[in-house]
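Undergrad: Here's a structure for you.
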4 protein chains.
Amino acid sequence: MKVALFGAGRIGKVHAASIKTDPRSTLVAVTDVVSEAAEALAQEYDIAARSPDEILGDPAIDAILIASSTNTHSDLIEAGVAAGKAIFCEKPIDLSLERAHGVLARAGSHDKPIMMGFNRRFDPNFAALKARFEAGAIGKGELLAITSFDPAPPPVDYIKVSGGLYRDMMIHDFDMAAFLFGMPQSVMAHGSCLVDAQIGAAGDIDTAVVTLSYSDGRLATIRNSRRAAFGYDQRVELLGSEGMLQAENVLENTVVEANARGVTSAKPMHFFLERYMRAYGIEWAAFVDACVEGAPVPAGIQDGVNALALAEAANISLAQGQPIEITSALTGG
Amino acid sequence: MKVALFGAGRIGKVHAASIKTDPRSTLVAVTDVVSEAAEALAQEYDIAARSPDEILGDPAIDAILIASSTNTHSDLIEAGVAAGKAIFCEKPIDLSLERAHGVLARAGSHDKPIMMGFNRRFDPNFAALKARFEAGAIGKGELLAITSFDPAPPPVDYIKVSGGLYRDMMIHDFDMAAFLFGMPQSVMAHGSCLVDAQIGAAGDIDTAVVTLSYSDGRLATIRNSRRAAFGYDQRVELLGSEGMLQAENVLENTVVEANARGVTSAKPMHFFLERYMRAYGIEWAAFVDACVEGAPVPAGIQDGVNALALAEAANISLAQGQPIEITSALTGG
Amino acid sequence: MKVALFGAGRIGKVHAASIKTDPRSTLVAVTDVVSEAAEALAQEYDIAARSPDEILGDPAIDAILIASSTNTHSDLIEAGVAAGKAIFCEKPIDLSLERAHGVLARAGSHDKPIMMGFNRRFDPNFAALKARFEAGAIGKGELLAITSFDPAPPPVDYIKVSGGLYRDMMIHDFDMAAFLFGMPQSVMAHGSCLVDAQIGAAGDIDTAVVTLSYSDGRLATIRNSRRAAFGYDQRVELLGSEGMLQAENVLENTVVEANARGVTSAKPMHFFLERYMRAYGIEWAAFVDACVEGAPVPAGIQDGVNALALAEAANISLAQGQPIEITSALTGG
Amino acid sequence: MKVALFGAGRIGKVHAASIKTDPRSTLVAVTDVVSEAAEALAQEYDIAARSPDEILGDPAIDAILIASSTNTHSDLIEAGVAAGKAIFCEKPIDLSLERAHGVLARAGSHDKPIMMGFNRRFDPNFAALKARFEAGAIGKGELLAITSFDPAPPPVDYIKVSGGLYRDMMIHDFDMAAFLFGMPQSVMAHGSCLVDAQIGAAGDIDTAVVTLSYSDGRLATIRNSRRAAFGYDQRVELLGSEGMLQAENVLENTVVEANARGVTSAKPMHFFLERYMRAYGIEWAAFVDACVEGAPVPAGIQDGVNALALAEAANISLAQGQPIEITSALTGG
């Protein structure tokens, strides 16, 4: 399976490495608006840096991996569909929910796999939690709590084009909630600027709590902060009728030091590249499974729209100060 | 310091034992509407079972400890004030916020200590968390999360007279939030009946999530369930600008068993009598400190009104489906 | 049950408090070679300070609790036997194994309970470990590891009269090994002076490893240090054919602090008075059970001799640099 | 750097994968006495299966990786030296200490790196423990405890040619002790057959405790069992004058399940291929560093001889029932 990569930045490099680890897939081309970046990655992998049109027009290329900037995602998905490629696209589909609805309408009937890169579904810890939940370990799910704190806020210039915390950061947690609990009936959002006043000045928040209410009475809370002094905090806790499942942080190592100040373990792995390195590889293998073996796509376009719909609802809820119903107008159904 | 006990039930017995552990206080009388209960406790402690009027009229009695049923609390506080006694009263003041406001008005100028029994403030773990927070260990507080699950729901007959989950169960968590973060600007409540349909039929909920928003942007979430299969889950987590503090559960013992099924630790201590046994003793010592040494009362009538005001706001929020502002009309200020 | 206390020092005070917590036993007299100490304790408990002879000669006194200095233990046990008292004696019986053999011979047929104060058997964690082991949780026992580190060495003046590390400190661990695994076939001892050169100058060691070999092939290791910077380290680990049991340290509280330096839990409880406070109460209740209910004595004179025999063997092993067989000449059988 | 692999079995495949992950090294040839195994691996890596002589005689090959059976190691090391290759050799050098001395004598002056595959030195957890120890985190080392339990015993046919527990299994722990504490003054060994009577019938033990005594008074204990029902138990604990460092097990995942039976975490990673997968990669990179960058070899021939000398001493100690001095006659110095 021959793959072309759109985007040779940080996340593009991660995916390039993942492609290499699966013997069924080969990276054959790369493109990037920054031609130096494309050339450097092409040289490292001994492949060609090509233009988007060349890639899309090359019938020898089976799949495209979209890791370019967010504002190119929806156009590239549609171009990939038109070119008959299998498509792996980093989240989100688009910052505009309306535009994402359009992609869903146009890409829905594509006969090749389209997969959204919700990497956390493939984290072995979260995946093990879900597997045990679905195996009935704790009975019926009741209360879900997702904690997601970044080690430090991104530069304000990034914040300004990010689409805001709910679409940029919490979108992963919205997808995790959907992964475990499906889609809620309503969303109630709270948010503040506590970490960096510049983020507030840019019109965004850096600290947030969202509650999801489900039609059968289940409840989920998501907590986000752009800054945790101890590093990347990524936890899921799920109370059920017969017990509770927790996926705890992955620590940098297992060394414990006891001294007069207490008993100290290592910090959580610093950030997403470290914590989710294994997840990226497993995620890619799942995409290849879908392309080569006909396995079901674990996270498709509708999942991408769903997470975006929850983020949109959270934005409206924050602005209006009240819960927002999740309607088919939001999910594009 | 001579103490008379109102109420010889389960919690009355706990307090009787606490009184005995502090050499500065002596239990000298007990009263209960169930005279057999009063007689039994009187016999155990070699004291007299007396009537409320005898107790209140006896100038040799310095303090009364109110551990009778909730609907007697406000009357007894007022009677104790009239009789010039120091007063320790189990939470809540009253199920009626209006009635509690009346008690606050009438008892506010009492020249003896009046203390509300918010036992969790005296749990060594929560107290240590607060001490480190106030010592600046994690900088400025940002996100507070309180988890409080009971091992099993009480009988429905109890539920019917309990005042509902927010006033009966979450009131402890409202006080914990106030203890750590002060009073919020608004309350948003969610709740469901997932554990026992009879609880729903009685008009109450058994599963709840409440978000508190503070005027400076801080946020707090409280999660309650009436049923956790693994026992009594009592945790506090506090993210600050420079770190995070967590108070974890107290386990029944430190034994760990590793076998083919995994590595298993003990469950949390079963319920409040076990978990908070030490807290009850420390709590009583704090009351004696206030009476004997003139130390400040750690949790007074206003704190009792505040917790009740948050519960009232939660009830209104749940009914209306939107956040409720915490006004002085609620807190009786 | 009326009890007289021999010894009003630190451990005597602990036992006096334990006696009070059991409603079936009452402290009625105290004696101490330091009369001020006896008077102070007598005043606190509103009892009489009396002479040893008065106590032993008073038929109203049912039991004596020996918490005086080690060199008085064997004489007092024998005097108590002669006076027909039930006897609770702090470990060890004597520093001289020969003298302890004499006590065993003379006290063996006493018709009242004689119990040695091996407090760790009553620690709820070690007791829970033993209960699960005996319930078959991990199959047959194979490898036992006991870790016992003190927070800081005692004064050298204490070391000089202590009988040495094996008899003074590791004796608790020898009893724990006997409690879990019975008596070994041989003892191999290693020891060094690493903590305080004055301890070495006094002819003692402060760091030790002992291996116990059992006739059926089981093995046990005991590690001691007089100094652990993080406090009192008291752990037991037991590998069996079907799993492993560990009793971990009891921490000062459950607060965890995460910051840029790591994730820090509290230290273990500082020293034996804190760690084993609950054990002392449970231990006393077991003695009262034996006296009042006829329950079996959990740790008798033979157990005291056994622990001392292992310490004696360790001393010989250290001196000779080779393993020492545990014979009936050592255990007094 | 071009590498040829001797041995295409389980551990050979692990190393082949490691070679591929380092861009500075390329696997160019493989050989195995089982030609099918060599062919299969050759095909997977698109390289040639060649004879040992061809490999040793090919000047284009820079390094050989010896992962063939133990009885070939010493001959291949000497052949590699004669052929001027850099050499990476799996432990042990040889089952015969005398033969290993010979290799040391003949290979000592080789001008290319020779590295022994003591993989645990490269485990990130043990490496972090050592780094913190050497940085002074706990002051001077005093007591070292190494725990190493396998999930299940190997087939008895393997046991018969293994060289016995001390040379086959505990050799890793002897190296870990040397890694952290250097070489001891004496070795005292205990061992039993508790797991599988067939192992005893084959003249070997399956359960062992060894104590290492150092000339400055430090002590180390090593505990081995061929069978732990919960999996692969690999821990190091190091008490120092100012604190304690522990490297705990690496668990399969971070999921915790709480239910009526307790709070259960995952088991340790099953066995060495899982637990030390990362270590193998880091180990290989260290060898490439030595070859390409001139970095020091982290574990050389002398280290291999040292570990074997400790195993030999343990065998003698077990047979004689007394401690054995570590002399230069043992370490080949």
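In the structure tokens, chains take the letters A, B, ... in the order shown, each chain's residues start at 1, and ligands count up from 1 in the order shown.
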Apply DSSP to the backbone of this structure and, from range 78-306 of chain B, keep only the residues in strand (DSSP E); write these as a JSON list (two decimals) with N, CA, C and O atoms, in the first residue's frame.

TA:
```
[["chain", "number", "residue", "atom", "x", "y", "z"],
["B", 86, "ALA", "N", -23.00, 26.51, 74.97],
["B", 86, "ALA", "CA", -22.21, 26.28, 73.75],
["B", 86, "ALA", "C", -22.90, 25.16, 72.99],
["B", 86, "ALA", "O", -23.48, 24.26, 73.61],
["B", 87, "ILE", "N", -22.86, 25.23, 71.65],
["B", 87, "ILE", "CA", -23.67, 24.31, 70.84],
["B", 87, "ILE", "C", -22.84, 23.68, 69.75],
["B", 87, "ILE", "O", -22.18, 24.39, 68.97],
["B", 88, "PHE", "N", -22.89, 22.36, 69.68],
["B", 88, "PHE", "CA", -22.34, 21.63, 68.54],
["B", 88, "PHE", "C", -23.53, 20.95, 67.88],
["B", 88, "PHE", "O", -24.25, 20.20, 68.53],
["B", 89, "CYS", "N", -23.73, 21.20, 66.57],
["B", 89, "CYS", "CA", -24.90, 20.64, 65.90],
["B", 89, "CYS", "C", -24.49, 19.90, 64.64],
["B", 89, "CYS", "O", -23.73, 20.42, 63.82],
["B", 90, "GLU", "N", -24.99, 18.70, 64.49],
["B", 90, "GLU", "CA", -24.78, 17.96, 63.25],
["B", 90, "GLU", "C", -25.39, 18.73, 62.08],
["B", 90, "GLU", "O", -26.38, 19.42, 62.23],
["B", 114, "ILE", "N", -20.93, 28.25, 68.54],
["B", 114, "ILE", "CA", -21.88, 27.37, 67.85],
["B", 114, "ILE", "C", -21.14, 26.77, 66.67],
["B", 114, "ILE", "O", -20.61, 27.50, 65.83],
["B", 115, "MET", "N", -21.10, 25.48, 66.63],
["B", 115, "MET", "CA", -20.31, 24.83, 65.57],
["B", 115, "MET", "C", -21.16, 23.80, 64.85],
["B", 115, "MET", "O", -21.89, 23.02, 65.46],
["B", 116, "MET", "N", -21.06, 23.82, 63.52],
["B", 116, "MET", "CA", -21.77, 22.84, 62.69],
["B", 116, "MET", "C", -20.84, 21.65, 62.41],
["B", 116, "MET", "O", -19.66, 21.84, 62.11],
["B", 117, "GLY", "N", -21.40, 20.46, 62.45],
["B", 117, "GLY", "CA", -20.58, 19.26, 62.34],
["B", 117, "GLY", "C", -20.24, 18.85, 60.91],
["B", 117, "GLY", "O", -20.68, 17.80, 60.44],
["B", 141, "GLY", "N", -5.28, 28.46, 43.23],
["B", 141, "GLY", "CA", -6.23, 27.40, 42.88],
["B", 141, "GLY", "C", -6.98, 27.72, 41.59],
["B", 141, "GLY", "O", -7.33, 28.88, 41.35],
["B", 142, "GLU", "N", -7.20, 26.72, 40.76],
["B", 142, "GLU", "CA", -7.89, 26.93, 39.49],
["B", 142, "GLU", "C", -9.09, 26.00, 39.31],
["B", 142, "GLU", "O", -10.20, 26.44, 39.06],
["B", 143, "LEU", "N", -8.83, 24.69, 39.39],
["B", 143, "LEU", "CA", -9.89, 23.70, 39.14],
["B", 143, "LEU", "C", -9.97, 22.76, 40.35],
["B", 143, "LEU", "O", -8.99, 22.11, 40.70],
["B", 144, "LEU", "N", -11.15, 22.66, 40.91],
["B", 144, "LEU", "CA", -11.38, 21.77, 42.05],
["B", 144, "LEU", "C", -12.33, 20.67, 41.62],
["B", 144, "LEU", "O", -13.32, 20.94, 40.92],
["B", 145, "ALA", "N", -12.03, 19.45, 42.00],
["B", 145, "ALA", "CA", -12.92, 18.32, 41.68],
["B", 145, "ALA", "C", -13.13, 17.49, 42.94],
["B", 145, "ALA", "O", -12.17, 17.01, 43.54],
["B", 146, "ILE", "N", -14.38, 17.36, 43.33],
["B", 146, "ILE", "CA", -14.74, 16.59, 44.53],
["B", 146, "ILE", "C", -15.55, 15.39, 44.10],
["B", 146, "ILE", "O", -16.54, 15.51, 43.38],
["B", 147, "THR", "N", -15.09, 14.21, 44.50],
["B", 147, "THR", "CA", -15.79, 12.97, 44.19],
["B", 147, "THR", "C", -16.30, 12.37, 45.49],
["B", 147, "THR", "O", -15.55, 12.25, 46.46],
["B", 148, "SER", "N", -17.57, 12.01, 45.51],
["B", 148, "SER", "CA", -18.17, 11.50, 46.73],
["B", 148, "SER", "C", -19.24, 10.48, 46.35],
["B", 148, "SER", "O", -20.32, 10.84, 45.91],
["B", 149, "PHE", "N", -18.86, 9.20, 46.47],
["B", 149, "PHE", "CA", -19.81, 8.13, 46.14],
["B", 149, "PHE", "C", -20.07, 7.32, 47.41],
["B", 149, "PHE", "O", -19.12, 6.93, 48.10],
["B", 186, "SER", "N", -22.08, 31.09, 40.91],
["B", 186, "SER", "CA", -23.27, 30.41, 40.39],
["B", 186, "SER", "C", -23.11, 28.91, 40.48],
["B", 186, "SER", "O", -22.00, 28.38, 40.62],
["B", 187, "VAL", "N", -24.24, 28.23, 40.41],
["B", 187, "VAL", "CA", -24.33, 26.78, 40.54],
["B", 187, "VAL", "C", -25.09, 26.22, 39.35],
["B", 187, "VAL", "O", -26.18, 26.70, 39.04],
["B", 188, "MET", "N", -24.50, 25.21, 38.69],
["B", 188, "MET", "CA", -25.22, 24.50, 37.62],
["B", 188, "MET", "C", -25.31, 23.04, 38.01],
["B", 188, "MET", "O", -24.29, 22.39, 38.25],
["B", 189, "ALA", "N", -26.53, 22.52, 38.10],
["B", 189, "ALA", "CA", -26.73, 21.16, 38.60],
["B", 189, "ALA", "C", -27.29, 20.23, 37.53],
["B", 189, "ALA", "O", -28.13, 20.62, 36.71],
["B", 190, "HIS", "N", -26.77, 19.02, 37.54],
["B", 190, "HIS", "CA", -27.29, 17.93, 36.72],
["B", 190, "HIS", "C", -27.58, 16.76, 37.65],
["B", 190, "HIS", "O", -26.86, 16.56, 38.64],
["B", 191, "GLY", "N", -28.58, 15.99, 37.33],
["B", 191, "GLY", "CA", -28.87, 14.85, 38.20],
["B", 191, "GLY", "C", -29.76, 13.84, 37.49],
["B", 191, "GLY", "O", -30.52, 14.19, 36.59],
["B", 192, "SER", "N", -29.63, 12.60, 37.88],
["B", 192, "SER", "CA", -30.38, 11.51, 37.26],
["B", 192, "SER", "C", -30.70, 10.46, 38.31],
["B", 192, "SER", "O", -30.07, 10.41, 39.37],
["B", 207, "THR", "N", -27.69, 10.20, 41.29],
["B", 207, "THR", "CA", -26.45, 10.41, 40.54],
["B", 207, "THR", "C", -26.43, 11.89, 40.16],
["B", 207, "THR", "O", -27.42, 12.38, 39.62],
["B", 208, "ALA", "N", -25.35, 12.59, 40.44],
["B", 208, "ALA", "CA", -25.39, 14.04, 40.22],
["B", 208, "ALA", "C", -24.03, 14.61, 39.91],
["B", 208, "ALA", "O", -23.00, 14.13, 40.41],
["B", 209, "VAL", "N", -24.06, 15.63, 39.08],
["B", 209, "VAL", "CA", -22.86, 16.42, 38.78],
["B", 209, "VAL", "C", -23.24, 17.88, 38.95],
["B", 209, "VAL", "O", -24.25, 18.32, 38.40],
["B", 210, "VAL", "N", -22.47, 18.61, 39.73],
["B", 210, "VAL", "CA", -22.72, 20.04, 39.91],
["B", 210, "VAL", "C", -21.43, 20.79, 39.60],
["B", 210, "VAL", "O", -20.34, 20.36, 39.98],
["B", 211, "THR", "N", -21.56, 21.88, 38.88],
["B", 211, "THR", "CA", -20.41, 22.75, 38.60],
["B", 211, "THR", "C", -20.62, 24.08, 39.29],
["B", 211, "THR", "O", -21.67, 24.71, 39.16],
["B", 212, "LEU", "N", -19.60, 24.49, 40.03],
["B", 212, "LEU", "CA", -19.61, 25.78, 40.70],
["B", 212, "LEU", "C", -18.67, 26.73, 39.95],
["B", 212, "LEU", "O", -17.53, 26.36, 39.66],
["B", 213, "SER", "N", -19.17, 27.92, 39.66],
["B", 213, "SER", "CA", -18.34, 28.93, 38.97],
["B", 213, "SER", "C", -18.07, 30.08, 39.92],
["B", 213, "SER", "O", -19.00, 30.58, 40.57],
["B", 219, "LEU", "N", -13.19, 27.17, 38.80],
["B", 219, "LEU", "CA", -14.31, 26.25, 38.57],
["B", 219, "LEU", "C", -14.17, 25.06, 39.50],
["B", 219, "LEU", "O", -13.06, 24.62, 39.79],
["B", 220, "ALA", "N", -15.31, 24.55, 39.94],
["B", 220, "ALA", "CA", -15.29, 23.34, 40.78],
["B", 220, "ALA", "C", -16.37, 22.39, 40.29],
["B", 220, "ALA", "O", -17.47, 22.82, 39.91],
["B", 221, "THR", "N", -16.05, 21.10, 40.26],
["B", 221, "THR", "CA", -17.06, 20.09, 39.93],
["B", 221, "THR", "C", -17.23, 19.15, 41.13],
["B", 221, "THR", "O", -16.26, 18.78, 41.78],
["B", 222, "ILE", "N", -18.47, 18.80, 41.37],
["B", 222, "ILE", "CA", -18.79, 17.83, 42.41],
["B", 222, "ILE", "C", -19.55, 16.68, 41.76],
["B", 222, "ILE", "O", -20.49, 16.92, 41.00],
["B", 223, "ARG", "N", -19.10, 15.47, 42.02],
["B", 223, "ARG", "CA", -19.80, 14.29, 41.48],
["B", 223, "ARG", "C", -20.26, 13.42, 42.63],
["B", 223, "ARG", "O", -19.49, 13.11, 43.51],
["B", 224, "ASN", "N", -21.51, 13.06, 42.60],
["B", 224, "ASN", "CA", -22.10, 12.17, 43.62],
["B", 224, "ASN", "C", -22.76, 10.98, 42.97],
["B", 224, "ASN", "O", -23.38, 11.10, 41.92],
["B", 225, "SER", "N", -22.61, 9.85, 43.63],
["B", 225, "SER", "CA", -23.46, 8.70, 43.30],
["B", 225, "SER", "C", -23.84, 8.03, 44.61],
["B", 225, "SER", "O", -23.04, 7.97, 45.54],
["B", 233, "ASP", "N", -16.27, 6.25, 48.26],
["B", 233, "ASP", "CA", -15.24, 6.92, 47.47],
["B", 233, "ASP", "C", -15.25, 8.40, 47.83],
["B", 233, "ASP", "O", -16.22, 9.10, 47.57],
["B", 234, "GLN", "N", -14.18, 8.88, 48.41],
["B", 234, "GLN", "CA", -14.11, 10.24, 48.96],
["B", 234, "GLN", "C", -12.79, 10.86, 48.55],
["B", 234, "GLN", "O", -11.78, 10.68, 49.23],
["B", 235, "ARG", "N", -12.83, 11.60, 47.46],
["B", 235, "ARG", "CA", -11.58, 12.17, 46.96],
["B", 235, "ARG", "C", -11.72, 13.66, 46.66],
["B", 235, "ARG", "O", -12.80, 14.13, 46.30],
["B", 236, "VAL", "N", -10.62, 14.36, 46.77],
["B", 236, "VAL", "CA", -10.56, 15.77, 46.40],
["B", 236, "VAL", "C", -9.33, 15.98, 45.53],
["B", 236, "VAL", "O", -8.26, 15.44, 45.83],
["B", 237, "GLU", "N", -9.50, 16.72, 44.46],
["B", 237, "GLU", "CA", -8.38, 17.01, 43.56],
["B", 237, "GLU", "C", -8.40, 18.49, 43.24],
["B", 237, "GLU", "O", -9.43, 19.04, 42.88],
["B", 238, "LEU", "N", -7.24, 19.12, 43.35],
["B", 238, "LEU", "CA", -7.17, 20.57, 43.23],
["B", 238, "LEU", "C", -5.99, 20.95, 42.34],
["B", 238, "LEU", "O", -4.84, 20.76, 42.72],
["B", 239, "LEU", "N", -6.30, 21.46, 41.16],
["B", 239, "LEU", "CA", -5.26, 21.92, 40.24],
["B", 239, "LEU", "C", -4.98, 23.39, 40.51],
["B", 239, "LEU", "O", -5.91, 24.20, 40.56],
["B", 240, "GLY", "N", -3.72, 23.72, 40.65],
["B", 240, "GLY", "CA", -3.33, 25.10, 40.85],
["B", 240, "GLY", "C", -2.34, 25.53, 39.80],
["B", 240, "GLY", "O", -1.91, 24.75, 38.95],
["B", 243, "GLY", "N", 0.91, 23.35, 40.36],
["B", 243, "GLY", "CA", 0.88, 21.91, 40.64],
["B", 243, "GLY", "C", -0.51, 21.44, 40.97],
["B", 243, "GLY", "O", -1.50, 22.16, 40.78],
["B", 244, "MET", "N", -0.61, 20.24, 41.47],
["B", 244, "MET", "CA", -1.90, 19.65, 41.79],
["B", 244, "MET", "C", -1.81, 18.91, 43.12],
["B", 244, "MET", "O", -0.81, 18.24, 43.40],
["B", 245, "LEU", "N", -2.85, 19.02, 43.90],
["B", 245, "LEU", "CA", -2.97, 18.26, 45.15],
["B", 245, "LEU", "C", -4.15, 17.31, 45.04],
["B", 245, "LEU", "O", -5.22, 17.70, 44.56],
["B", 246, "GLN", "N", -3.94, 16.09, 45.47],
["B", 246, "GLN", "CA", -5.03, 15.12, 45.51],
["B", 246, "GLN", "C", -5.08, 14.50, 46.90],
["B", 246, "GLN", "O", -4.04, 14.15, 47.45],
["B", 247, "ALA", "N", -6.28, 14.35, 47.45],
["B", 247, "ALA", "CA", -6.45, 13.52, 48.64],
["B", 247, "ALA", "C", -7.15, 12.25, 48.17],
["B", 247, "ALA", "O", -8.29, 12.28, 47.71],
["B", 255, "VAL", "N", -2.50, -4.16, 52.34],
["B", 255, "VAL", "CA", -2.13, -5.44, 51.71],
["B", 255, "VAL", "C", -2.42, -5.41, 50.21],
["B", 255, "VAL", "O", -3.47, -4.94, 49.77],
["B", 256, "VAL", "N", -1.47, -5.87, 49.45],
["B", 256, "VAL", "CA", -1.59, -5.96, 47.99],
["B", 256, "VAL", "C", -1.44, -7.43, 47.62],
["B", 256, "VAL", "O", -0.52, -8.10, 48.09],
["B", 257, "GLU", "N", -2.33, -7.92, 46.80],
["B", 257, "GLU", "CA", -2.22, -9.31, 46.35],
["B", 257, "GLU", "C", -2.03, -9.34, 44.84],
["B", 257, "GLU", "O", -2.83, -8.79, 44.10],
["B", 258, "ALA", "N", -0.96, -9.99, 44.43],
["B", 258, "ALA", "CA", -0.68, -10.12, 42.99],
["B", 258, "ALA", "C", -0.92, -11.57, 42.60],
["B", 258, "ALA", "O", -0.37, -12.49, 43.21],
["B", 259, "ASN", "N", -1.74, -11.76, 41.60],
["B", 259, "ASN", "CA", -1.93, -13.12, 41.08],
["B", 259, "ASN", "C", -2.24, -13.03, 39.59],
["B", 259, "ASN", "O", -2.04, -11.97, 38.97],
["B", 262, "GLY", "N", -4.19, -9.99, 38.29],
["B", 262, "GLY", "CA", -3.72, -8.62, 38.42],
["B", 262, "GLY", "C", -3.16, -8.37, 39.81],
["B", 262, "GLY", "O", -2.86, -9.30, 40.55],
["B", 263, "VAL", "N", -3.02, -7.10, 40.13],
["B", 263, "VAL", "CA", -2.43, -6.67, 41.41],
["B", 263, "VAL", "C", -3.51, -5.91, 42.17],
["B", 263, "VAL", "O", -3.89, -4.80, 41.78],
["B", 264, "THR", "N", -3.99, -6.50, 43.26],
["B", 264, "THR", "CA", -5.20, -5.99, 43.90],
["B", 264, "THR", "C", -4.92, -5.41, 45.28],
["B", 264, "THR", "O", -4.36, -6.08, 46.15],
["B", 265, "SER", "N", -5.31, -4.17, 45.47],
["B", 265, "SER", "CA", -5.24, -3.51, 46.77],
["B", 265, "SER", "C", -6.60, -3.59, 47.45],
["B", 265, "SER", "O", -7.60, -3.95, 46.82]]
```

Undergrad: If you count only C-alpha atoms, which residues fall within 8 Å of range 163-173 of chain D, apart from same-chain ones fewer than 2 positions away, as a list in words?

TA: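 Near range 163-173 of chain D, the qualifying residues are Pro92, Leu95, Phe118, Arg120, Ile146, Ser148, Ile159, Lys160, Val161, Asp175, Met176, Ala177, Asp204, Ile205, Asp206, Ile222, Asn224, Ala307, Leu308, Leu310, Ala311, Glu312, Ala314 and Asn315 of chain D.
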
Undergrad: Go through chain B and flag each residue having an atom no more than 7 Å from chain A; for those, report the closest pair of atoms plus their distance in Å to one decimal, using only C-alpha atoms, ordered by chain and rising number, as a tab-separated table.

TA:
```
residue	atom	partner	partner_atom	distance
B:Ser192	CA	A:Gly217	CA	5.1
B:Cys193	CA	A:Gly217	CA	6.8
B:Leu194	CA	A:Gly217	CA	6.7
B:Gly217	CA	A:Ser192	CA	5.1
B:Ala228	CA	A:Gly243	CA	6.3
B:Ala229	CA	A:Gly243	CA	4.9
B:Phe230	CA	A:Gly243	CA	6.1
B:Glu242	CA	A:Ala229	CA	5.2
B:Gly243	CA	A:Ala229	CA	4.9
B:Gln322	CA	A:Gln322	CA	5.4
B:Pro323	CA	A:Gln322	CA	6.8
```

Undergrad: May I have all residues of range 44-228 of chain B that DSSP, computed from the backbone, assigns to alpha helix (DSSP H), given as a PyMOL selection string?

TA: chain B and resi 44-45+52-57+73-82+97-107+124-134+156-161+165-168+171-181+197-201

Undergrad: In Å, how far is it from CA of Ala17 in chain B to CA of Thr254 in chain B?

TA: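 Straight-line distance from CA of Ala17 in chain B to CA of Thr254 in chain B works out to 26.5 Å.
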
Undergrad: With a distance cut-off of 8 Å and only C-alpha atoms, select the neighbouring residues of range 283-290 of chain C, excluding the residue or stretch itself and same-chain residues fewer than 5 positions from it, and output the selection as a VMD selection string.

TA: chain C and resid 15 18 to 19 22 24 to 25 88 113 115 117 119 122 295 to 298

Undergrad: Excluding same-chain residues fewer than 5 positions from range 64-69 of chain D, what lies within 8 Å of it counting only C-alpha atoms, as number ranges by chain?

TA: D: 3-9, 11-12, 32, 76-77, 80, 85-90

Undergrad: Can you tell me how far CA of Leu104 in chain D sits from CA of Ser51 in chain D, in Å to one decimal?

TA: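 Separating CA of Leu104 in chain D from CA of Ser51 in chain D is a distance of 25.6 Å.
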
Undergrad: Find the distance between CA of Phe133 in chain B and CA of Ser328 in chain B and write it in Å to one decimal.

TA: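 These atoms are spaced 27.7 Å apart.
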
Undergrad: Contacts of range 37-45 of chain B at 9 Å or less, counting only C-alpha atoms, minus same-chain residues fewer than 3 places along, as JSON, numbers by chain?

TA: {"B": [6, 7, 8, 9, 13, 16, 27, 28, 29, 30, 31, 32, 33, 34, 48, 49, 50]}

Undergrad: Give me, as a PyMOL selection string, all polymer residues having an atom no more than 8 Å from His101 in chain C, counting only C-alpha atoms and skipping those fewer than 3 positions away in the same chain.

TA: chain C and resi 97-98+104-105+305+331-332

Undergrad: Looking at only C-alpha atoms, which of C:Ala60, C:Thr70, C:Gly84, C:Gly281 is the one that sits closest to Asp111 in chain C?

TA: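 Using only C-alpha atoms, the shortest distance to Asp111 in chain C belongs to C:Gly84.
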